[in-house]
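**Student:** So here's structure00.txt, just compact mmCIF, C-alpha atoms and all ligand atoms:
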```txt
# COMPACT_ATOMS: atom_id res chain seq x y z
CA MET L 1 56.28 115.27 95.81
CA LYS L 2 59.58 114.46 97.40
CA LYS L 3 62.69 115.72 95.73
CA LYS L 4 63.97 112.18 95.48
CA SER L 5 60.82 111.11 93.66
CA LEU L 6 61.17 113.95 91.20
CA LYS L 7 64.70 112.86 90.49
CA VAL L 8 63.60 109.29 89.93
CA LEU L 9 60.80 110.42 87.66
CA SER L 10 63.15 112.53 85.57
CA VAL L 11 65.49 109.57 85.17
CA LEU L 12 62.53 107.36 84.23
CA GLY L 13 61.40 109.89 81.68
CA ALA L 14 64.82 109.84 80.02
CA VAL L 15 64.85 106.06 80.11
CA ALA L 16 61.42 105.89 78.51
CA VAL L 17 62.65 107.99 75.60
CA CYS L 18 65.61 105.65 75.06
CA LEU L 19 63.38 102.61 75.23
CA THR L 20 61.13 103.83 72.50
CA ALA L 21 64.07 103.24 70.23
CA THR L 22 65.21 99.91 71.68
CA GLY L 23 61.80 98.31 72.14
CA CYS L 24 62.82 96.12 75.10
CA GLU L 25 59.47 94.84 76.36
CA GLU L 26 60.77 93.72 79.72
CA VAL L 27 62.42 97.02 80.45
CA ILE L 28 59.47 99.05 79.26
CA SER L 29 57.25 97.15 81.62
CA ALA L 30 59.74 97.68 84.47
CA VAL L 31 59.72 101.41 83.73
CA ASN L 32 55.96 101.57 83.63
CA SER L 33 55.58 99.85 86.93
CA ALA L 34 58.37 102.02 88.32
CA ILE L 35 56.51 105.17 87.31
CA ASP L 36 53.40 103.85 89.01
CA ASN L 37 55.39 103.15 92.13
CA VAL L 38 56.94 106.59 92.19
CA ILE L 39 53.62 108.28 91.76
CA SER L 40 52.17 106.29 94.61
CA GLY L 41 55.12 107.33 96.70
CA ALA L 42 56.59 103.86 97.09
CA ILE L 43 60.09 104.46 95.87
CA GLU L 44 61.97 102.37 98.38
CA GLY L 45 64.29 99.96 96.59
CA LEU L 46 62.92 101.04 93.28
CA THR L 47 66.01 102.42 91.66
CA SER L 48 68.10 99.32 92.24
CA GLU L 49 65.34 97.07 90.90
CA LEU L 50 65.04 99.18 87.81
CA GLN L 51 68.76 99.39 87.41
CA GLY L 52 69.01 95.60 87.49
CA ALA L 53 66.36 95.22 84.79
CA LEU L 54 67.99 97.84 82.62
CA GLU L 55 71.48 96.49 82.96
CA SER L 56 70.58 92.96 82.05
CA ASN L 57 68.72 94.17 78.97
CA LEU L 58 70.86 97.00 77.74
CA GLY L 59 74.25 95.46 78.39
CA GLY L 60 76.03 98.00 80.50
CA THR L 61 76.42 99.49 83.90
CA ILE L 62 74.04 102.31 84.49
CA ASN L 63 75.42 105.57 85.73
CA SER L 64 73.41 106.21 88.84
CA SER L 65 74.97 109.54 89.68
CA THR L 66 73.85 111.73 86.87
CA GLU L 67 72.74 114.46 89.17
CA GLU L 68 74.49 117.75 88.76
CA GLY L 69 76.39 119.19 91.65
CA SER L 70 76.51 115.95 93.60
CA SER L 71 78.61 116.32 96.70
CA VAL L 72 82.14 117.33 95.93
CA GLU L 73 83.97 117.39 99.18
CA ASP L 74 87.46 116.63 100.22
CA SER L 75 88.26 114.62 103.29
CA SER L 76 88.60 117.63 105.49
CA THR L 77 85.06 118.78 104.82
CA THR L 78 83.54 115.33 104.95
CA GLU L 79 85.04 114.32 108.26
CA ASN L 80 82.02 115.19 110.32
CA SER L 81 79.27 114.88 107.82
CA SER L 82 78.20 111.33 108.52
CA ASP L 83 75.31 112.21 110.78
CA GLU L 84 73.94 115.10 108.87
CA THR L 85 70.60 114.98 107.22
CA ASP L 86 70.22 115.06 103.48
CA SER L 87 72.51 117.79 102.15
CA SER L 88 69.75 118.94 99.80
CA GLY L 89 67.98 120.26 102.85
CA ASN L 90 65.38 117.54 102.74
CA ALA L 91 65.14 117.36 106.52
CA GLY L 92 61.43 117.10 107.22
CA GLY L 93 60.13 113.64 108.01
CA ASP L 94 63.16 111.86 106.64
CA GLU L 95 65.18 111.35 109.75
CA ASN L 96 65.83 107.63 109.72
CA VAL L 97 68.12 105.55 108.07
CA GLY L 98 70.18 108.08 106.25
CA ASP L 99 69.56 107.56 102.60
CA GLY L 100 68.80 103.90 102.41
CA VAL L 101 72.40 102.84 102.03
CA ASP L 102 74.52 100.73 104.28
CA ASP L 103 77.93 101.82 105.51
CA LEU L 104 80.86 100.88 103.33
CA SER L 105 84.60 100.93 103.90
CA VAL L 106 87.40 100.32 101.43
CA HIS L 107 90.76 99.39 102.93
CA PHE L 108 93.98 99.65 100.92
CA LEU L 109 96.48 97.64 102.86
CA SER L 110 100.07 98.54 103.48
CA LEU L 111 101.84 95.33 102.46
CA GLY L 112 104.85 95.50 104.74
CA ASN L 113 107.62 95.41 102.15
CA LYS L 114 109.26 97.28 99.30
CA VAL L 115 107.41 95.45 96.54
CA SER L 116 104.41 97.35 95.19
CA GLY L 117 101.24 95.32 95.06
CA ASP L 118 97.51 95.33 95.68
CA CYS L 119 95.39 94.06 98.54
CA THR L 120 92.05 95.81 98.95
CA LEU L 121 89.39 94.83 101.46
CA ILE L 122 85.87 96.18 101.02
CA LYS L 123 83.42 95.77 103.86
CA THR L 124 79.74 96.42 104.42
CA GLY L 125 78.07 94.80 107.40
CA ASP L 126 79.24 91.19 107.54
CA VAL L 127 79.96 91.12 103.84
CA GLU L 128 83.56 91.40 102.65
CA VAL L 129 85.04 91.63 99.19
CA LEU L 130 88.78 91.07 98.83
CA ILE L 131 90.39 92.30 95.63
CA ASP L 132 93.87 90.79 95.25
CA ALA L 133 96.32 89.63 97.87
CA GLY L 134 99.79 91.01 97.18
CA SER L 135 102.51 91.80 97.13
CA THR L 136 104.76 88.87 98.08
CA THR L 137 104.31 85.73 100.13
CA GLY L 138 106.08 87.75 102.81
CA SER L 139 103.01 90.01 102.94
CA ILE L 140 100.89 87.18 104.34
CA GLY L 141 101.98 87.97 107.88
CA THR L 142 100.72 91.52 107.36
CA ILE L 143 97.54 91.10 105.37
CA VAL L 144 95.97 88.03 106.99
CA PRO L 145 95.95 89.47 110.53
CA TYR L 146 94.62 92.78 109.19
CA ILE L 147 91.78 91.12 107.33
CA LYS L 148 90.95 88.94 110.37
CA GLN L 149 90.35 92.10 112.38
CA TYR L 150 87.51 93.06 110.04
CA CYS L 151 86.33 89.70 108.74
CA THR L 152 85.34 88.39 112.13
CA ASP L 153 83.17 85.53 110.85
CA GLY L 154 86.04 84.04 108.85
CA ILE L 155 84.05 84.27 105.60
CA LEU L 156 85.06 86.38 102.62
CA GLU L 157 81.90 86.52 100.54
CA TYR L 158 83.67 87.63 97.36
CA VAL L 159 87.28 87.18 96.41
CA ILE L 160 88.56 88.75 93.20
CA ALA L 161 91.98 88.07 91.73
CA THR L 162 92.59 90.63 88.99
CA HIS L 163 95.44 88.90 87.16
CA GLY L 164 98.17 86.35 87.61
CA HIS L 165 101.15 88.42 88.69
CA GLN L 166 102.76 87.72 92.02
CA ASP L 167 102.06 91.18 93.42
CA HIS L 168 98.33 90.41 93.18
CA ILE L 169 98.08 86.69 94.01
CA ALA L 170 101.01 85.78 96.30
CA GLY L 171 98.94 86.19 99.44
CA PHE L 172 96.40 83.60 98.32
CA THR L 173 99.05 80.88 98.54
CA ASN L 174 100.78 79.23 101.44
CA SER L 175 104.38 79.57 100.28
CA SER L 176 105.44 81.53 103.28
CA SER L 177 107.04 81.06 106.64
CA GLN L 178 104.46 83.55 107.82
CA GLY L 179 101.55 81.15 107.90
CA LYS L 180 98.66 80.22 105.68
CA GLY L 181 97.49 82.54 102.95
CA ILE L 182 94.00 83.80 102.17
CA PHE L 183 92.48 80.63 100.76
CA GLU L 184 93.40 78.56 103.81
CA SER L 185 92.80 81.29 106.36
CA PHE L 186 89.26 82.18 105.25
CA GLU L 187 86.23 80.53 103.75
CA CYS L 188 85.90 82.11 100.33
CA LYS L 189 82.36 81.91 98.97
CA THR L 190 82.54 83.33 95.45
CA ILE L 191 85.88 83.60 93.65
CA ILE L 192 86.06 85.72 90.51
CA ASP L 193 89.21 85.85 88.44
CA PHE L 194 90.70 86.49 85.01
CA PRO L 195 89.50 84.64 81.94
CA LYS L 196 92.92 84.63 80.30
CA THR L 197 96.47 84.59 81.55
CA THR L 198 100.03 84.51 80.27
CA VAL L 199 101.42 83.39 83.62
CA THR L 200 102.83 79.91 84.17
CA SER L 201 104.77 80.44 87.41
CA ASN L 202 104.76 77.95 90.26
CA LEU L 203 103.10 80.60 92.38
CA TYR L 204 100.25 80.85 89.88
CA LYS L 205 99.95 77.05 89.82
CA GLU L 206 99.66 77.07 93.59
CA TYR L 207 97.02 79.79 93.35
CA VAL L 208 95.00 77.63 90.94
CA SER L 209 95.34 74.51 93.02
CA LEU L 210 94.28 76.24 96.26
CA ARG L 211 91.44 78.02 94.46
CA ASP L 212 90.20 74.71 93.09
CA ALA L 213 90.47 73.15 96.54
CA GLU L 214 88.26 75.96 97.80
CA VAL L 215 85.75 75.09 95.07
CA GLU L 216 85.77 71.45 96.17
CA THR L 217 84.70 72.54 99.61
CA GLY L 218 81.81 74.61 98.31
CA ALA L 219 83.13 77.87 96.85
CA LYS L 220 81.82 79.12 93.53
CA HIS L 221 84.39 80.11 90.91
CA TYR L 222 83.68 82.26 87.89
CA THR L 223 85.74 84.23 85.43
CA ALA L 224 84.99 87.91 84.92
CA LEU L 225 83.74 87.03 81.44
CA GLU L 226 81.22 84.54 82.86
CA CYS L 227 80.08 87.27 85.23
CA TRP L 228 79.69 89.76 82.41
CA ASN L 229 77.70 87.23 80.41
CA ASN L 230 75.63 86.11 83.40
CA ALA L 231 76.77 82.62 82.38
CA ASN L 232 77.04 79.36 84.30
CA GLY L 233 75.51 80.78 87.45
CA ALA L 234 77.75 83.85 87.49
CA GLN L 235 76.28 87.33 87.80
CA ARG L 236 77.31 90.66 86.37
CA SER L 237 76.12 92.41 89.51
CA TYR L 238 75.96 91.31 93.11
CA THR L 239 74.09 93.10 95.87
CA LEU L 240 76.41 93.56 98.86
CA GLY L 241 74.10 95.54 101.12
CA GLU L 242 71.31 98.08 101.01
CA GLY L 243 72.12 100.46 98.18
CA ILE L 244 75.46 98.75 97.55
CA THR L 245 76.24 96.74 94.43
CA LEU L 246 79.35 95.08 93.06
CA HIS L 247 79.52 95.25 89.25
CA ILE L 248 81.96 93.28 87.15
CA LEU L 249 82.84 95.50 84.20
CA TYR L 250 83.83 94.48 80.67
CA GLN L 251 87.10 95.13 78.87
CA LYS L 252 88.12 93.49 75.63
CA TYR L 253 91.12 91.55 76.93
CA TYR L 254 88.77 89.18 78.71
CA GLU L 255 88.48 87.73 75.21
CA SER L 256 91.36 89.08 73.11
CA SER L 257 94.80 87.56 73.45
CA THR L 258 97.71 89.62 74.68
CA SER L 259 101.24 88.91 75.80
CA ASN L 260 100.94 91.50 78.58
CA GLU L 261 99.41 89.97 81.68
CA ASN L 262 98.40 93.38 83.03
CA TYR L 263 95.89 93.66 80.18
CA ASN L 264 94.04 90.65 81.55
CA SER L 265 92.99 92.52 84.69
CA VAL L 266 89.48 92.08 86.05
CA CYS L 267 87.73 95.45 86.48
CA THR L 268 85.19 96.14 89.18
CA LEU L 269 82.88 99.01 90.08
CA ILE L 270 81.21 99.24 93.46
CA THR L 271 78.27 101.60 93.79
CA GLN L 272 76.97 102.86 97.13
CA GLY L 273 74.15 105.34 96.75
CA GLU L 274 75.67 108.13 94.69
CA ASN L 275 79.23 107.05 95.42
CA ASN L 276 81.19 105.01 92.89
CA TYR L 277 84.43 103.20 93.55
CA LEU L 278 86.51 101.84 90.66
CA PHE L 279 89.17 99.13 90.68
CA THR L 280 91.03 98.14 87.52
CA GLY L 281 93.98 96.08 88.78
CA ASP L 282 96.97 96.71 86.53
CA LEU L 283 94.96 97.37 83.38
CA GLU L 284 96.98 99.48 80.93
CA LYS L 285 95.95 102.23 78.54
CA SER L 286 94.61 100.09 75.72
CA GLY L 287 92.43 98.21 78.21
CA GLU L 288 91.32 101.47 79.82
CA GLU L 289 90.16 102.65 76.44
CA SER L 290 88.14 99.49 76.02
CA LEU L 291 86.76 99.88 79.54
CA VAL L 292 85.52 103.37 78.70
CA GLN L 293 83.98 102.19 75.44
CA SER L 294 82.30 99.10 76.87
CA ASN L 295 80.72 100.48 80.03
CA HIS L 296 78.80 103.58 80.97
CA LEU L 297 81.34 104.61 83.57
CA PRO L 298 80.15 107.15 86.13
CA LYS L 299 82.11 109.82 87.91
CA CYS L 300 83.99 108.05 90.67
CA LYS L 301 84.46 109.15 94.23
CA LEU L 302 87.41 106.78 94.43
CA PHE L 303 89.77 105.27 91.88
CA LYS L 304 92.46 102.83 92.80
CA SER L 305 95.19 104.07 90.52
CA GLY L 306 95.86 101.66 87.66
CA HIS L 307 99.07 99.61 87.86
CA HIS L 308 100.55 101.22 90.97
CA GLY L 309 100.66 104.69 89.44
CA SER L 310 102.45 103.61 86.29
CA ASN L 311 102.55 105.82 83.20
CA THR L 312 101.34 102.80 81.23
CA SER L 313 97.94 103.25 82.91
CA ASN L 314 95.88 106.14 84.25
CA SER L 315 95.17 107.61 80.84
CA SER L 316 93.31 110.86 80.37
CA ALA L 317 90.83 108.82 78.33
CA LEU L 318 89.78 107.08 81.54
CA LEU L 319 90.35 109.80 84.11
CA SER L 320 88.43 112.42 82.13
CA VAL L 321 85.37 110.17 82.32
CA ILE L 322 85.57 109.05 85.95
CA GLN L 323 87.00 112.31 87.32
CA PRO L 324 88.23 110.74 90.53
CA GLU L 325 87.98 112.68 93.79
CA VAL L 326 90.15 110.32 95.80
CA PHE L 327 93.07 108.57 94.09
CA VAL L 328 94.90 105.83 95.94
CA ILE L 329 98.21 104.69 94.50
CA THR L 330 98.94 101.21 95.78
CA CYS L 331 102.70 101.30 95.57
CA CYS L 332 105.90 101.55 97.53
CA CYS L 333 107.20 104.90 96.33
CA GLY L 334 110.56 104.67 94.66
CA ASP L 335 110.35 100.90 94.15
CA GLN L 336 112.21 99.08 91.39
CA TYR L 337 109.93 100.64 88.75
CA ASN L 338 110.18 104.08 90.33
CA PHE L 339 106.42 104.18 90.91
CA PRO L 340 104.42 106.35 90.92
CA HIS L 341 105.35 108.00 87.66
CA GLN L 342 105.32 111.74 87.12
CA GLU L 343 102.93 111.43 84.14
CA THR L 344 100.31 109.83 86.35
CA ILE L 345 100.66 112.59 88.93
CA ASP L 346 100.31 115.20 86.20
CA THR L 347 97.21 113.53 84.77
CA VAL L 348 95.42 113.07 88.07
CA SER L 349 96.29 116.58 89.26
CA VAL L 350 93.65 117.89 86.86
CA TYR L 351 90.94 116.21 88.93
CA THR L 352 92.05 116.09 92.54
CA GLN L 353 94.72 116.73 95.13
CA GLN L 354 93.48 113.88 97.26
CA VAL L 355 96.17 111.35 96.44
CA TYR L 356 97.21 108.80 99.04
CA VAL L 357 99.99 106.20 99.05
CA PRO L 358 100.67 103.48 101.65
CA GLY L 359 104.47 103.50 101.80
CA MET L 360 107.88 104.26 100.38
CA ILE L 361 111.49 103.22 100.38
CA GLY L 362 112.93 105.37 103.14
CA THR L 363 116.34 106.97 103.35
CA SER L 364 117.67 103.87 105.07
CA GLY L 365 116.60 101.78 102.08
CA ASP L 366 113.92 100.02 104.11
CA TYR L 367 110.16 100.09 103.69
CA GLU L 368 108.60 102.98 105.56
CA LEU L 369 105.02 104.13 105.87
CA LEU L 370 103.56 107.15 104.18
CA ASN L 371 99.80 106.99 104.83
CA GLY L 372 99.98 103.35 105.93
CA ASN L 373 96.67 101.48 105.62
CA ILE L 374 94.27 103.78 103.79
CA VAL L 375 90.57 103.50 104.63
CA VAL L 376 87.99 105.30 102.51
CA SER L 377 84.54 105.03 104.03
CA SER L 378 81.04 106.37 103.69
CA THR L 379 77.95 106.16 105.83
CA ASP L 380 75.64 108.06 103.50
CA GLY L 381 76.64 107.05 99.96
CA LYS L 382 77.30 110.68 99.12
CA THR L 383 80.42 111.74 100.94
CA VAL L 384 83.54 109.86 101.97
CA ARG L 385 86.06 110.23 104.71
CA ILE L 386 89.66 109.12 104.76
CA ASP L 387 91.33 107.47 107.73
CA CYS L 388 94.92 106.35 107.39
CA SER L 389 96.79 104.31 109.98
CA ASN L 390 99.96 106.42 109.88
CA ASN L 391 98.80 109.90 108.86
CA ASN L 392 96.38 111.59 106.47
CA THR L 393 99.03 113.67 104.71
CA LEU L 394 98.29 114.31 101.05
CA PHE L 395 100.93 112.81 98.77
CA LYS L 396 101.90 116.24 97.44
CA ASP L 397 102.77 117.39 100.97
CA THR L 398 105.07 114.48 101.81
CA GLU L 399 108.84 114.86 101.95
CA TRP L 400 109.17 111.99 99.50
CA PHE L 401 107.07 113.80 96.92
CA LYS L 402 108.88 117.11 97.35
CA LYS L 403 112.24 115.43 96.93
CA ASN L 404 111.42 113.07 94.10
CA ARG L 405 108.63 114.54 92.00
CA THR L 406 107.64 117.84 90.42
CA THR L 407 104.50 119.56 91.66
CA PRO L 408 102.05 119.89 88.78
CA LYS L 409 100.69 123.39 88.16
CA ASN L 410 97.21 122.37 89.32
CA TRP L 411 98.64 121.61 92.75
CA LEU L 412 100.52 124.87 93.21
ZN ZN Z 501 100.70 94.88 90.00
```
Show me the file's structure as structure tokens.
Ligand SMILES: [Zn+2]

**Tutor:**
Amino acid sequence: MKKKSLKVLSVLGAVAVCLTATGCEEVISAVNSAIDNVISGAIEGLTSELQGALESNLGGTINSSTEEGSSVEDSSTTENSSDETDSSGNAGGDENVGDGVDDLSVHFLSLGNKVSGDCTLIKTGDVEVLIDAGSTTGSIGTIVPYIKQYCTDGILEYVIATHGHQDHIAGFTNSSSQGKGIFESFECKTIIDFPKTTVTSNLYKEYVSLRDAEVETGAKHYTALECWNNANGAQRSYTLGEGITLHILYQKYYESSTSNENYNSVCTLITQGENNYLFTGDLEKSGEESLVQSNHLPKCKLFKSGHHGSNTSNSSALLSVIQPEVFVITCCCGDQYNFPHQETIDTVSVYTQQVYVPGMIGTSGDYELLNGNIVVSSTDGKTVRIDCSNNNTLFKDTEWFKKNRTTPKNWL
């Protein structure tokens, strides 16, 4: 029997044990038919089907990368691995299609100014997901042309706004001399945003009005809570491509009131084969704790640092669970908040040296690139490679880091 089948069977066995306790008829039947399928050798598409059935019944995201010793490679060793056969040595008869996953790329955009913010484009085939559009309306002239390069059909299938702060939503609006923002530049099919907000700014009002105009012309709009609850047509999980799924995660501030807008952040996990990519907006430590408690978070190949590398986020409680291998800090180093904070660097240093940052305030006081646009991509759902528009220098090796931060002992 194929190694893959054995793995599936062992997972199914474990699931069957759990189900004895829960007694979910629907899931038990899915497992039974799954076991039949595995035994007959028809495992194609099986795991995702099963995962869907389990998730909707057990109320959580299933960790699909439970395998020990799954690929742990840094960018330098993964650079040329895209065409290799299965790293487990399963070469015979399985040449084809890699591992049944589509290619995926995650682009962290350099925003062209000294204000830290988020704008992340995720692409597989003709399907794009945009998470946030920061950092200022002045970024529109930078982010819209970049996205147009990759979104050639003019359609963003999923648009996620994590919370109502300017550095995450400004680019959706049109308040710029630099042209139309995201909502008017692209057809946005499904818009997912925050259930609660503390923000009342004019910029936020413009965001809402342009979002609603998009809905009038056919877009679907759901809150993250509707997604989590599979309510009103919303879904907790969306299939983006073969072996690739977008999951909306739960954290308690979707429902609990807070005066801190960052707490309202929508959290998203994208799975591609064995790779997991986590995005938490500006969620802070209390929300991270809730995120860990409410979801079965897997180890993550990539984590977009919470809140631009702030010490109010990136808790050990979260990082010890997801153990990120690539850590992208979406900030302008040395900005008005002095991001990224030393505490965050110290915490992440336990897990990885692969930290990347788009830009910094240079010696002239102007915005200058560090890595520039940071693209994390995978063709096999096991390994990733990093391609940055300016250079691939690790954060710890940059002049900015050496001058402004202390090297943690794990990086010495
Ligand atoms: Zn922010």

**Student:** Report as a PyMOL selection string which protein, DNA and RNA residues come within 8 Å of ligand ZN 501 (chain Z), using all atoms listed in the file.

**Tutor:** chain L and resi 116-118+135+165-168+262+281-282+307-308

**Student:** Using only C-alpha atoms, please write the residues we just selected to a file, as a PDB file, in the coordinates of the input.

**Tutor:**
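Contents of the output file part.pdb:
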```
ATOM      1  CA  SER L 116     104.410  97.350  95.190  1.00  0.00           C
ATOM      2  CA  GLY L 117     101.240  95.320  95.060  1.00  0.00           C
ATOM      3  CA  ASP L 118      97.510  95.330  95.680  1.00  0.00           C
ATOM      4  CA  SER L 135     102.510  91.800  97.130  1.00  0.00           C
ATOM      5  CA  HIS L 165     101.150  88.420  88.690  1.00  0.00           C
ATOM      6  CA  GLN L 166     102.760  87.720  92.020  1.00  0.00           C
ATOM      7  CA  ASP L 167     102.060  91.180  93.420  1.00  0.00           C
ATOM      8  CA  HIS L 168      98.330  90.410  93.180  1.00  0.00           C
ATOM      9  CA  ASN L 262      98.400  93.380  83.030  1.00  0.00           C
ATOM     10  CA  GLY L 281      93.980  96.080  88.780  1.00  0.00           C
ATOM     11  CA  ASP L 282      96.970  96.710  86.530  1.00  0.00           C
ATOM     12  CA  HIS L 307      99.070  99.610  87.860  1.00  0.00           C
ATOM     13  CA  HIS L 308     100.550 101.220  90.970  1.00  0.00           C
TER      14      HIS L 308
END
```

**Student:** Just the residues within 9 Å of L:Asn390, please, counting only C-alpha atoms, with nothing from its chain fewer than 2 positions along; format it as a PyMOL selection string.

**Tutor:** chain L and resi 358+369-374+387-388+392-393

**Student:** At most 7 Å is the cut-off: for each residue in stretch 118-147 of chain L with any atom that close to an atom of stretch 177-185 of chain L, write down the nearest atom pair and the distance in Å rounded to one decimal, counting all atoms listed in the file, chain first then increasing number, as JSON lines.

**Tutor:**
```
{"residue": "L:Gly138", "atom": "CA", "partner": "L:Gln178", "partner_atom": "CA", "distance": 6.7}
{"residue": "L:Ile140", "atom": "CA", "partner": "L:Gly181", "partner_atom": "CA", "distance": 5.9}
{"residue": "L:Gly141", "atom": "CA", "partner": "L:Gln178", "partner_atom": "CA", "distance": 5.1}
{"residue": "L:Val144", "atom": "CA", "partner": "L:Ile182", "partner_atom": "CA", "distance": 6.7}
```

**Student:** Using all atoms listed in the file, determine which residues lie at most 9 Å from L:Cys300, disregarding the query and same-chain residues fewer than 5 positions distant; provide the list as a list of chain:residue names.

**Tutor:** L:Asn275, L:Asn276, L:Tyr277, L:Leu278, L:Val321, L:Ile322, L:Gln323, L:Pro324, L:Glu325, L:Val326

**Student:** Fewer than 6 positions away in the same chain doesn't count, so skip those; otherwise give me all residues within 9 Å of L:Gly334, counting only C-alpha atoms, as a PDB file with C-alpha atoms, in the frame of the given file.

**Tutor:**
```
ATOM      1  CA  LYS L 114     109.260  97.280  99.300  1.00  0.00           C
ATOM      2  CA  PRO L 340     104.420 106.350  90.920  1.00  0.00           C
ATOM      3  CA  MET L 360     107.880 104.260 100.380  1.00  0.00           C
ATOM      4  CA  ILE L 361     111.490 103.220 100.380  1.00  0.00           C
ATOM      5  CA  GLY L 362     112.930 105.370 103.140  1.00  0.00           C
ATOM      6  CA  TRP L 400     109.170 111.990  99.500  1.00  0.00           C
ATOM      7  CA  ASN L 404     111.420 113.070  94.100  1.00  0.00           C
TER       8      ASN L 404
END
```

**Student:** Under the rule that all atoms listed in the file are counted, which of L:Tyr367, L:Ile192, L:Asp380, L:Cys227 is the nearest residue to L:Gly112?

**Tutor:** L:Tyr367

**Student:** Mind checking which residues fall within 6 Å of L:Val129, counting only C-alpha atoms, ignoring those fewer than 2 positions away in the same chain, and posting them as a PyMOL selection string?

**Tutor:** chain L and resi 121-122+158-159

**Student:** Counting all atoms listed in the file, which of L:Ser378, L:Ser290, L:Asn174, L:Ser105 gets nearest to L:Thr136?

**Tutor:** L:Asn174

**Student:** In Å, with one decimal, what is the gap from atom CA of L:Ser176 to atom CA of L:Lys205?

**Tutor:**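 Taking atom CA of L:Ser176 as the start and atom CA of L:Lys205 as the end point, the length is 15.2 Å.
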
**Student:** Rounded to one decimal, what separation in Å do you get between atom CA of L:Ser110 and atom CA of L:Glu368?

**Tutor:**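 So the answer is 9.8 Å.
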
**Student:** Check the smallest atom-to-atom distance from each of L:Trp411, L:Phe395, L:Tyr238, L:Phe194 to L:Cys333 using all atoms listed in the file, then report the winner.

**Tutor:**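 Using all atoms listed in the file, the shortest distance to L:Cys333 belongs to L:Phe395.
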